[in-house]
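A short write-up of the structure that comes next.
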Amino acid sequence: MLPASSKMPHKQPPPRKQSISMGRGARKRDEDSGTEVGEGTDEWAQSKTTVKPPDQLDLTDAELKEEFTRILTANNPHAPQNIVRYSFKEGTYKLIGFVDQLAVHFTQVGNLIPRDSDEGRRQHYRDELAAVSRQGSQESTKVVISETEILEEEEEPKEAEAGSQTDVPIVEASEKVAEEELMTPKQPKERKLTNKFNFSERASQTFNNPLRDRECQMEPPPRTNFSATANQWEIYDAYMEELEKQEKTKEKEKTKTPVAKKMGKMAMRKMTSMESQSDDIAKVTQAAKIVERMVNQNTYDDVAQDFKYYEDAADEYRDQEGTLLPLWKFQNDKAKRLAVTALCWNPKYNDLFAVGHGSYDFMKQSRGMLLLYSMKNPSFPEYIFSSESGIMCLDMHVDHPYLVVVGHYDGNVAIYNLKKPHSQPSFRSSAKSGKHTDPVWQVKWQKDDMDHNLNFFSVSSDGRVVSWTLVKSELVHTDVIKLKVEGSTTEGLEGLQIHTVGCGTAFDFHREIDYLFLVGTEEGKIYKCSKSYSSQFLDTYDAHNMAVDAVSWNPYHTKVFMSCSSDWTVKIWDHTIKTPVFIYDLNSAVGDVAWAPYSSTVFAAVTTNGKTHVFDLSINKYEAICNQPVVAKKKNKLTHVQFNPIHPIIIVGDDRGHVTCLKLSPNLRKMPKEKKGQEVQKGPAVEIAKLDKLLNLVREVKTKT
Amino acid sequence: MAEVEETLKRIQSHKGVIGTMVVNAEGIPIRTTLDNSTTVQYAGLLHQLTMKAKSTVRDIDPQNDLTFLRIRSKKHEIMVAPDKECLPIVIQNPCEQ
């Protein structure tokens, strides 16, 4: 009926709309929904005068009055009237007579379900279950929950009302509720009854104070890591330091002079500031020295090994002869042109020896040098001192091994203190203090005098033997003796007797008899003198034809001494006898002789032809047991020789400034063979006895002849 | 001061010496004739070794002290002479003639 009803509004304004409805009729066939809208607008336009559209059909009045009849049917005007379907059975298109005339104007899906439908029943059943479970939980809970019960109960009745089939479940639910009501009062009977119905819970919450974190952080204290080990030696060091401190405080207490203390402090401060200013490298001195020695030891390793351990095995086959094994050679560039004029071993440090450089040539006089070498470092001297005048002789003090006295070519004497690093001598003589007028040929330390002043003697070509004493840092001299040539007084002016003065060239002091000493002169004479007699000699020996180069007392035998000269001879004397006991001719001018410290019968002599001769009187009275050229070139004249007090080595100096160190082979160091059964006697007594025997032999021979 | 420099120069010009250096108490090289990396290496290693050797010697007898240390290897020899404040080190080839 709807389509008809939808056409109702059409009929109401037909007279008015006739003109337009004709147009409508034309449009009907369009069958689009826009027609209604069009009609609506037409109603608006009704207020105005009828407007005739230009394309309107012009009809006559008779046609206008024609009545048309309309039949209302329930047909859907929109439904299609001729639907054709293809029939597969017949293979043609067939017209379907019946067409569905239903027109749906509006559809909406609702949420109401019929109660009798499956879905409805299911839902109801579900609700019932939920209600039961809720009641079951309520039976064991308290009052608070009973509230919810109540609420649920209220809900349930509501639900029950909503549904028609839930009568029975409702009854059941209500029964359950009644049961619950009965049950719950039982439980709280033990407890305090609480009003279930009017129970209200009140809670209030106060403001929670906002929490605030407060921190305070400081700078961490400075920390350092410290670690140390407590070793045996660390403990020891600490104790030693303490000891030292204590000693220092004791000393300070003793002195107790505030000025001195202040000075000391100032000095200390200055020292420390100086030390801090100076470069770190300066502290290396000591260690650097050691390293240098180590390096040298490596380079000269074989030499060092030889020195220590090598014993010439060939000596066994050599009958009685021995050899000298060359070890180190010491030379310095600065002293290359200068001859070695003096050699001396240090009495305390057995590896240290002093070399004096100068010139024997009176035409070419230049500067002098004093070098101290250690065997541990053959490449460079430990100490270097230079002087203007050539050094002719030197000696080291026995008690004070750091004091070296030297005699110069210009007649001066000087004392060098090795402890002080200056290159200048500590004390020096001068023309005022009575220096010699001619070169000083020999100096020797003596024992300290009664005032504990240092004392030494010197002999020179000016004919004086002078004793020098170091009094309050000044050299004071006293002439001990003047070497007058006997029998050669000449008449001088006004009847003065002028003695010709001999030129002293060498001297030696007796080891035991303190006042006794020997002086050798240029004329070849040896005078035995005494310190106490200044004008007379005790004895005179006509020793040589030329200048006496060296005299030396035997280290063991008190009576025997030895002399050598440029007349090619070495002579051994007994000072009680005017003639020499032994004479040796060495075919060349003898520069120096030296007794061996370990035997009374061994001595060495060096000659200008570069040879070294070693004699052992107990083995061979007439010949050298070793006769060896020591220097490479024969032109090198050997000038001095010295035995080392402890080691079996000798040092030999030549006129080119070289010092060679040689080791004595075992044959040269022979001790006399003891007869079987007798004890091996050692010591000076034996040596003396040995020499005595020889002397007696010689004397016997002489007396016989 | 100049003496030490001279001594070190002499050592350096000695036969067979490959290099020298001086190390202070903390193990930092002060003077050297070798290149930097080698020096640093030597300094560090030898400093430790020397301390150890010194400690050993002194542990046995506190009155004793280490004088020097030689390390001989196939190729050369390293010599160290420890002092209170410093450590000179020398490397030498002893076989060189």
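Here's how to read the names in the structure tokens: chain A, B, ... by the order shown, residue numbers from 1 in each chain, ligand numbers from 1 in the order shown.
Residue-level contacts from chain B to chain A at 6 Å, counting only C-alpha atoms, read Met1, Val4, Ile11, Arg58, Asp59, Pro62, Ala81, Asp83 and Pro94 of chain B.
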Atoms to include: N, CA and C atoms. Write the selected residues as a short mmCIF file (atom, residue, chain, number, x, y, z; two decimals), in the first residue's frame.
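Output file selection23.cif is given in full below:
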data_model
loop_
_atom_site.label_atom_id
_atom_site.label_comp_id
_atom_site.auth_asym_id
_atom_site.auth_seq_id
_atom_site.Cartn_x
_atom_site.Cartn_y
_atom_site.Cartn_z
N MET B 1 130.44 18.44 36.31
CA MET B 1 129.34 18.40 35.33
C MET B 1 129.92 18.10 33.95
N VAL B 4 131.41 14.65 33.68
CA VAL B 4 130.49 13.54 33.42
C VAL B 4 130.18 13.45 31.94
N ILE B 11 132.83 6.99 26.75
CA ILE B 11 132.23 5.65 26.74
C ILE B 11 131.58 5.40 25.38
N ARG B 58 120.16 -7.12 48.43
CA ARG B 58 120.03 -6.51 49.74
C ARG B 58 119.18 -7.34 50.69
N ASP B 59 118.29 -8.10 50.14
CA ASP B 59 117.50 -8.98 50.99
C ASP B 59 118.39 -10.01 51.67
N PRO B 62 121.53 -6.95 54.08
CA PRO B 62 121.19 -5.54 53.91
C PRO B 62 122.40 -4.62 53.86
N ALA B 81 124.92 0.25 35.80
CA ALA B 81 125.59 0.55 37.06
C ALA B 81 124.65 1.39 37.90
N ASP B 83 122.94 3.60 40.65
CA ASP B 83 123.40 4.56 41.62
C ASP B 83 122.20 4.96 42.45
N PRO B 94 131.01 -6.79 22.77
CA PRO B 94 132.39 -6.99 23.23
C PRO B 94 133.28 -7.75 22.27
#
Please provide the set of residues having any atom within 10 Å of Asp462 of chain A, restricted to only C-alpha atoms, with same-chain residues fewer than 5 positions apart removed, written as a PyMOL selection string.
chain A and resi 411+436-440+482-483+501-505
Give the strand (DSSP E) residues of segment 2-97 of chain B, as assigned by DSSP on the backbone, as a list of chain:residue names.
B:Val17, B:Ile18, B:Gly19, B:Thr20, B:Met21, B:Val22, B:Val23, B:Asn24, B:Pro29, B:Ile30, B:Arg31, B:Thr32, B:Leu69, B:Arg70, B:Ile71, B:Arg72, B:Glu77, B:Ile78, B:Met79, B:Val80, B:Cys86, B:Leu87, B:Pro88, B:Ile89, B:Val90, B:Ile91, B:Gln92
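Take atom CA of Ile71 of chain B and atom CA of His47 of chain B: the distance between them is 13.2 Å.
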What's around Pro88 of chain B at 6 Å? Count only C-alpha atoms, leave out sequence neighbours fewer than 6 positions away in its own chain, and write the answer as a tab-separated table (two decimals) with N, CA and C atoms, in the first residue's frame.
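Saved as around.tsv:
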chain	number	residue	atom	x	y	z
B	21	MET	N	122.85	5.32	27.65
B	21	MET	CA	121.75	6.18	28.09
B	21	MET	C	121.80	6.31	29.59
B	22	VAL	N	121.24	7.36	30.09
B	22	VAL	CA	121.16	7.58	31.53
B	22	VAL	C	119.70	7.70	31.90
B	80	VAL	N	124.67	-2.22	33.37
B	80	VAL	CA	123.94	-1.22	34.14
B	80	VAL	C	124.69	-1.00	35.44
B	81	ALA	N	124.92	0.25	35.80
B	81	ALA	CA	125.59	0.55	37.06
B	81	ALA	C	124.65	1.39	37.90
